[in-house]
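The file final.txt contains compact mmCIF, C-alpha atoms:
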# COMPACT_ATOMS: atom_id res chain seq x y z
CA MET U 153 0.00 0.00 0.00
CA ASN U 154 2.89 2.38 0.71
CA ARG U 155 4.16 1.96 -2.83
CA LEU U 156 0.79 2.98 -4.20
CA ARG U 157 0.83 6.09 -2.04
CA ALA U 158 4.38 6.92 -3.16
CA VAL U 159 3.31 6.53 -6.79
CA LEU U 160 0.34 8.82 -6.12
CA LEU U 161 2.68 11.43 -4.62
CA ILE U 162 4.95 11.25 -7.67
CA ALA U 163 1.93 11.49 -9.99
CA LEU U 164 0.68 14.54 -8.06
CA CYS U 165 4.08 16.22 -8.47
CA ALA U 166 4.18 15.37 -12.20
CA VAL U 167 0.71 16.83 -12.77
CA THR U 168 1.75 19.89 -10.76
CA VAL U 169 4.81 20.46 -12.97
CA ILE U 170 2.63 20.22 -16.08
CA LEU U 171 0.02 22.62 -14.65
CA GLU U 172 2.69 25.08 -13.56
CA VAL U 173 4.34 25.16 -16.99
CA ILE U 174 0.95 25.53 -18.68
CA SER U 175 0.05 28.41 -16.34
CA TRP U 176 3.19 30.28 -17.42
CA SER U 177 2.06 30.19 -21.05
CA ILE U 178 -1.38 31.70 -20.34
CA PRO U 179 -0.96 35.46 -19.83
CA SER U 180 -3.97 35.84 -17.52
CA LEU U 181 -2.67 33.08 -15.20
CA ALA U 182 1.09 33.58 -15.48
CA PHE U 183 2.60 34.24 -12.04
CA ARG U 184 -0.83 34.84 -10.53
CA ILE U 185 -1.70 31.25 -9.66
CA TYR U 186 0.90 28.78 -8.48
CA PRO U 187 -0.16 25.12 -8.69
CA SER U 188 3.18 24.19 -7.12
CA TRP U 189 2.32 26.21 -4.00
CA VAL U 190 -1.00 24.41 -3.66
CA CYS U 191 0.64 21.01 -4.16
CA VAL U 192 3.41 21.69 -1.66
CA ALA U 193 0.97 23.13 0.85
CA ILE U 194 -1.12 19.96 0.63
CA ILE U 195 2.02 17.83 0.94
CA THR U 196 3.07 19.94 3.94
CA SER U 197 -0.24 19.21 5.61
CA LEU U 198 0.00 15.48 4.88
CA LEU U 199 3.67 14.63 5.45
CA SER U 200 5.86 15.09 8.49
CA TRP U 201 8.53 17.80 8.73
CA PRO U 202 11.62 16.57 6.91
CA ARG U 203 9.73 14.59 4.26
CA SER U 204 7.61 17.56 3.24
CA LEU U 205 10.75 19.69 2.86
CA TYR U 206 12.44 17.02 0.71
CA ALA U 207 9.37 16.78 -1.51
CA ALA U 208 9.22 20.59 -1.84
CA VAL U 209 12.90 20.93 -2.75
CA GLY U 210 12.61 18.07 -5.27
CA LEU U 211 9.56 19.62 -6.90
CA GLY U 212 11.27 23.03 -6.88
CA PHE U 213 14.33 21.55 -8.58
CA ILE U 214 12.21 20.07 -11.37
CA LEU U 215 10.33 23.36 -11.81
CA ASP U 216 13.61 25.31 -11.87
CA LEU U 217 14.65 23.32 -14.92
CA PHE U 218 11.70 24.78 -16.84
CA ALA U 219 11.23 28.14 -15.09
CA PRO U 220 11.73 31.51 -16.77
CA ALA U 221 13.48 32.65 -13.59
CA PRO U 222 17.00 32.33 -12.23
CA PHE U 223 17.77 28.79 -11.11
CA GLY U 224 16.84 28.19 -7.50
CA ILE U 225 13.87 30.54 -7.21
CA TRP U 226 11.31 27.73 -7.12
CA MET U 227 13.37 25.64 -4.70
CA ALA U 228 13.66 28.65 -2.38
CA MET U 229 9.96 29.51 -2.68
CA LEU U 230 8.74 26.01 -1.97
CA ALA U 231 11.25 25.48 0.85
CA LEU U 232 10.16 28.76 2.47
CA LEU U 233 6.53 27.71 2.12
CA VAL U 234 7.20 24.43 3.95
CA VAL U 235 9.46 25.88 6.64
CA VAL U 236 7.18 28.79 7.55
CA SER U 237 4.00 26.70 7.38
CA GLN U 238 5.47 23.97 9.58
CA TRP U 239 6.87 26.54 12.00
CA VAL U 240 3.53 28.34 12.34
CA LYS U 241 1.68 25.05 12.66
CA THR U 242 3.98 23.61 15.35
CA THR U 243 4.65 26.74 17.42
CA TRP U 244 1.46 28.81 17.30
CA LEU U 245 -1.49 26.73 16.23
CA LYS U 246 -0.91 23.08 17.22
CA GLN U 247 -4.29 22.10 15.78
CA ALA U 248 -5.57 20.25 12.76
CA SER U 249 -8.58 22.45 12.04
CA ALA U 250 -9.24 24.07 8.68
CA LEU U 251 -8.68 27.52 10.19
CA ALA U 252 -5.27 26.45 11.51
CA VAL U 253 -4.32 25.09 8.09
CA PHE U 254 -5.55 28.32 6.47
CA ALA U 255 -3.44 30.46 8.83
CA ALA U 256 -0.31 28.32 8.50
CA ILE U 257 -0.49 28.09 4.70
CA GLY U 258 -1.39 31.78 4.43
CA CYS U 259 1.79 32.70 6.32
CA GLY U 260 3.74 30.21 4.20
CA THR U 261 2.52 31.68 0.91
CA ILE U 262 3.41 35.18 2.06
CA ALA U 263 6.93 33.96 2.89
CA ALA U 264 7.15 32.10 -0.43
CA THR U 265 6.60 35.40 -2.24
CA ILE U 266 9.91 36.82 -0.96
CA PRO U 267 12.13 35.16 -3.63
CA ILE U 268 9.75 36.34 -6.37
CA TRP U 269 9.85 39.91 -5.10
CA PHE U 270 13.63 39.70 -4.82
CA TRP U 271 13.74 38.55 -8.44
CA LEU U 272 11.42 41.43 -9.39
CA ALA U 273 13.62 43.97 -7.61
CA LEU U 274 16.74 42.63 -9.35
CA SER U 275 15.02 42.60 -12.74
CA TYR U 276 14.19 46.31 -12.39
CA ARG U 277 17.89 47.06 -11.85
CA SER U 278 19.37 44.62 -14.35
CA ALA U 279 18.95 44.08 -18.07
CA VAL U 280 20.14 40.48 -17.74
CA LEU U 281 17.19 39.14 -15.70
CA SER U 282 13.80 38.63 -17.31
CA PRO U 283 11.13 40.90 -15.80
CA VAL U 284 8.29 38.43 -16.47
CA ILE U 285 6.37 39.04 -13.26
CA GLN U 286 6.27 42.80 -13.68
CA LEU U 287 2.93 42.24 -15.39
CA VAL U 288 1.31 41.23 -12.09
CA PRO U 289 -0.37 44.16 -10.28
CA TRP U 290 0.44 44.53 -6.58
CA TRP U 291 -3.13 43.85 -5.48
CA HIS U 292 -3.11 40.36 -7.06
CA TRP U 293 -0.70 39.06 -4.42
CA PRO U 294 -3.03 39.23 -1.38
CA ILE U 295 -5.89 37.80 -3.43
CA GLY U 296 -3.65 34.92 -4.53
CA TRP U 297 -2.48 34.26 -0.97
CA LEU U 298 -6.06 34.07 0.27
CA MET U 299 -7.31 31.94 -2.63
CA MET U 300 -4.49 29.41 -2.32
CA ALA U 301 -4.79 29.21 1.48
CA VAL U 302 -8.55 28.63 1.25
CA LEU U 303 -8.11 25.99 -1.44
CA VAL U 304 -5.49 24.13 0.59
CA ALA U 305 -7.55 24.37 3.79
CA VAL U 306 -10.56 22.86 2.03
CA VAL U 307 -8.56 20.10 0.33
CA THR U 308 -6.65 19.12 3.46
CA ARG U 309 -9.86 18.87 5.46
CA ILE U 310 -11.31 16.55 2.81
CA ILE U 311 -8.25 14.28 2.94
CA PRO U 312 -8.09 12.62 6.39
CA SER U 313 -4.99 12.00 8.55
CA PRO U 314 -2.51 14.77 9.32
CA TYR U 315 0.88 12.95 9.12
CA GLU U 316 2.52 9.93 7.61
CA ARG U 317 -0.27 9.51 5.09
CA PHE U 318 1.96 8.65 2.14
CA PHE U 319 4.94 6.95 3.79

Please lay out the structure from this file as structure tokens.
Amino acid sequence: MNRLRAVLLIALCAVTVILEVISWSIPSLAFRIYPSWVCVAIITSLLSWPRSLYAAVGLGFILDLFAPAPFGIWMAMLALLVVVSQWVKTTWLKQASALAVFAAIGCGTIAATIPIWFWLALSYRSAVLSPVIQLVPWWHWPIGWLMMAVLVAVVTRIIPSPYERFF
């Protein structure tokens, strides 16, 4: 049964990579919706601490191979998402309610935005870096954080069992 769950985790990551790459090619979705954030947030809610970080870094590495950003941005984003979400969940909330998941993932998505904003700041000052995300208005970020946190809170409450679900 554990092999089936591991295969499902790998299939989820593969579908996430495909959805992320497709979202970059659609101008109305590019850098506004992050399927990788939703996937990693769900994995963070389902797996224990080091395993969720390993899964996030692995998924970030695969996305960095395709990303129109400097290498390492996606690994840093997804690692920050896991670290901050796990930290908030284990130090402040210590619950498994949907509101606790919403708060933890909301804080994680805000922290995951830091590498993107750093890339944006560098792209304004440099002609070498691609300023792809300059098309995203500032007010889209809070809406995206809330939408992704709500989506993850709903999905993680549908899927039972907080830890060690896949392994």

Practice item. Please indicate the distance in Å from CA of Val209 in chain U to CA of Trp226 in chain U, rounded to one decimal place. Key: 8.2 Å

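Of the residues listed (U:Asp216, U:Pro267, U:Leu171, U:Val235), U:Val235 shows the shortest atom-to-atom separation from Pro202 in chain U; distances use all atoms listed in the file.
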
Exercise for review: Find the residues near Phe218 in chain U: any atom within 10 Å, counting all atoms listed in the file, skip ones fewer than 4 places away on the same chain, and give them as a ChimeraX atom specification.
Suggested key: /U:169,172-173,213-214,223

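Rounded to one decimal, CA of Leu217 in chain U and CA of Phe254 in chain U lie 29.8 Å from each other.
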
**Study point:** Contacts of range 190-195 of chain U at 7 Å (all atoms listed in the file; same-chain gap of 4+ positions) as a ChimeraX atom specification
**Key:** /U:168,186,199,204,208,230,257,300,304,308

**Study point:** Point (18.5, 29.9, -0.9), cut-off 12 Å, counting all atoms listed in the file, residues as a PyMOL selection string
**Key:** chain U and resi 209+212+222-232+264+266-267+270

Point to revise | Distance query 9 Å from (-1.1, 24.9, 6.8) using all atoms listed in the file, result as number ranges by chain | key: U: 193-194, 196-197, 234, 237-238, 240-241, 248, 250-260, 301, 304-305, 308

**Study point:** 12 Å contact set for Pro294 in chain U, all atoms listed in the file, chain neighbours under 2 positions out, as a list in words
**Key:**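 Counting all atoms listed in the file, the residues come to Arg184, Ile185, Gly258, Cys259, Thr261, Ile262, Thr265, Val288, Pro289, Trp290, Trp291, His292, Gly296, Trp297, Leu298, Met299, Met300 and Ala301 of chain U.
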
Review point. Rounded to one decimal in Å, what is the spacing between CA of Leu161 in chain U and CA of Leu245 in chain U?
Key: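 According to the coordinates, CA of Leu161 in chain U and CA of Leu245 in chain U are separated by 26.2 Å.
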
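Closest approach to Leu281 in chain U among U:Ala221, U:Ile268, U:Val306, U:Leu233 is made by U:Ala221 (distances from all atoms listed in the file).
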
Could I see range 258-284 of chain U restored to N, CA, C and O atoms, set down as a compact mmCIF listing (two decimals), in the coordinates of the input?
# COMPACT_ATOMS: atom_id res chain seq x y z
N GLY U 258 -1.38 30.35 4.78
CA GLY U 258 -1.39 31.78 4.43
C GLY U 258 -0.06 32.44 4.76
O GLY U 258 0.50 33.18 3.95
N CYS U 259 0.47 32.16 5.95
CA CYS U 259 1.79 32.70 6.32
C CYS U 259 2.88 32.12 5.42
O CYS U 259 3.81 32.83 5.03
N GLY U 260 2.75 30.84 5.08
CA GLY U 260 3.74 30.21 4.20
C GLY U 260 3.74 30.80 2.80
O GLY U 260 4.80 31.00 2.20
N THR U 261 2.56 31.10 2.26
CA THR U 261 2.52 31.68 0.91
C THR U 261 3.06 33.11 0.90
O THR U 261 3.67 33.52 -0.08
N ILE U 262 2.83 33.83 1.98
CA ILE U 262 3.41 35.18 2.06
C ILE U 262 4.94 35.08 2.08
O ILE U 262 5.63 35.84 1.39
N ALA U 263 5.47 34.14 2.85
CA ALA U 263 6.93 33.96 2.89
C ALA U 263 7.47 33.45 1.55
O ALA U 263 8.58 33.82 1.15
N ALA U 264 6.70 32.63 0.85
CA ALA U 264 7.15 32.10 -0.43
C ALA U 264 7.22 33.19 -1.51
O ALA U 264 7.89 33.01 -2.53
N THR U 265 6.58 34.29 -1.28
CA THR U 265 6.60 35.40 -2.24
C THR U 265 7.92 36.17 -2.19
O THR U 265 8.27 36.85 -3.16
N ILE U 266 8.66 36.05 -1.12
CA ILE U 266 9.91 36.82 -0.96
C ILE U 266 10.90 36.58 -2.08
O ILE U 266 11.43 37.55 -2.64
N PRO U 267 11.19 35.33 -2.50
CA PRO U 267 12.13 35.16 -3.63
C PRO U 267 11.61 35.77 -4.94
O PRO U 267 12.39 36.30 -5.73
N ILE U 268 10.30 35.74 -5.15
CA ILE U 268 9.75 36.34 -6.37
C ILE U 268 9.94 37.85 -6.34
O ILE U 268 10.31 38.45 -7.34
N TRP U 269 9.66 38.47 -5.20
CA TRP U 269 9.85 39.91 -5.10
C TRP U 269 11.32 40.29 -5.20
O TRP U 269 11.65 41.34 -5.74
N PHE U 270 12.19 39.45 -4.68
CA PHE U 270 13.63 39.70 -4.82
C PHE U 270 14.02 39.64 -6.29
O PHE U 270 14.78 40.48 -6.77
N TRP U 271 13.49 38.65 -7.00
CA TRP U 271 13.74 38.55 -8.44
C TRP U 271 13.19 39.77 -9.17
O TRP U 271 13.83 40.32 -10.07
N LEU U 272 12.01 40.24 -8.78
CA LEU U 272 11.42 41.43 -9.39
C LEU U 272 12.29 42.66 -9.14
O LEU U 272 12.53 43.45 -10.05
N ALA U 273 12.77 42.83 -7.92
CA ALA U 273 13.62 43.97 -7.61
C ALA U 273 14.92 43.94 -8.41
O ALA U 273 15.39 44.96 -8.91
N LEU U 274 15.52 42.74 -8.55
CA LEU U 274 16.74 42.63 -9.35
C LEU U 274 16.47 42.85 -10.83
O LEU U 274 17.30 43.41 -11.54
N SER U 275 15.31 42.42 -11.32
CA SER U 275 15.02 42.60 -12.74
C SER U 275 14.79 44.06 -13.09
O SER U 275 15.02 44.46 -14.23
N TYR U 276 14.32 44.88 -12.14
CA TYR U 276 14.19 46.31 -12.39
C TYR U 276 15.56 46.96 -12.55
O TYR U 276 15.73 47.91 -13.30
N ARG U 277 16.56 46.46 -11.85
CA ARG U 277 17.89 47.06 -11.85
C ARG U 277 18.85 46.44 -12.86
O ARG U 277 19.93 46.96 -13.05
N SER U 278 18.46 45.34 -13.47
CA SER U 278 19.37 44.62 -14.35
C SER U 278 18.70 44.34 -15.70
O SER U 278 17.52 44.03 -15.76
N ALA U 279 19.47 44.42 -16.74
CA ALA U 279 18.95 44.08 -18.07
C ALA U 279 19.13 42.60 -18.37
O ALA U 279 18.61 42.09 -19.35
N VAL U 280 19.86 41.90 -17.52
CA VAL U 280 20.14 40.48 -17.74
C VAL U 280 18.95 39.62 -17.33
O VAL U 280 18.62 38.66 -18.00
N LEU U 281 18.29 39.95 -16.21
CA LEU U 281 17.19 39.14 -15.70
C LEU U 281 15.89 39.47 -16.42
O LEU U 281 15.62 40.62 -16.75
N SER U 282 15.08 38.47 -16.63
CA SER U 282 13.80 38.63 -17.31
C SER U 282 12.75 39.17 -16.34
O SER U 282 12.47 38.56 -15.32
N PRO U 283 12.14 40.31 -16.68
CA PRO U 283 11.13 40.90 -15.80
C PRO U 283 9.73 40.36 -16.09
O PRO U 283 8.79 41.12 -16.31
N VAL U 284 9.56 39.04 -16.10
CA VAL U 284 8.29 38.43 -16.47
C VAL U 284 7.18 38.82 -15.51
O VAL U 284 6.07 39.12 -15.93
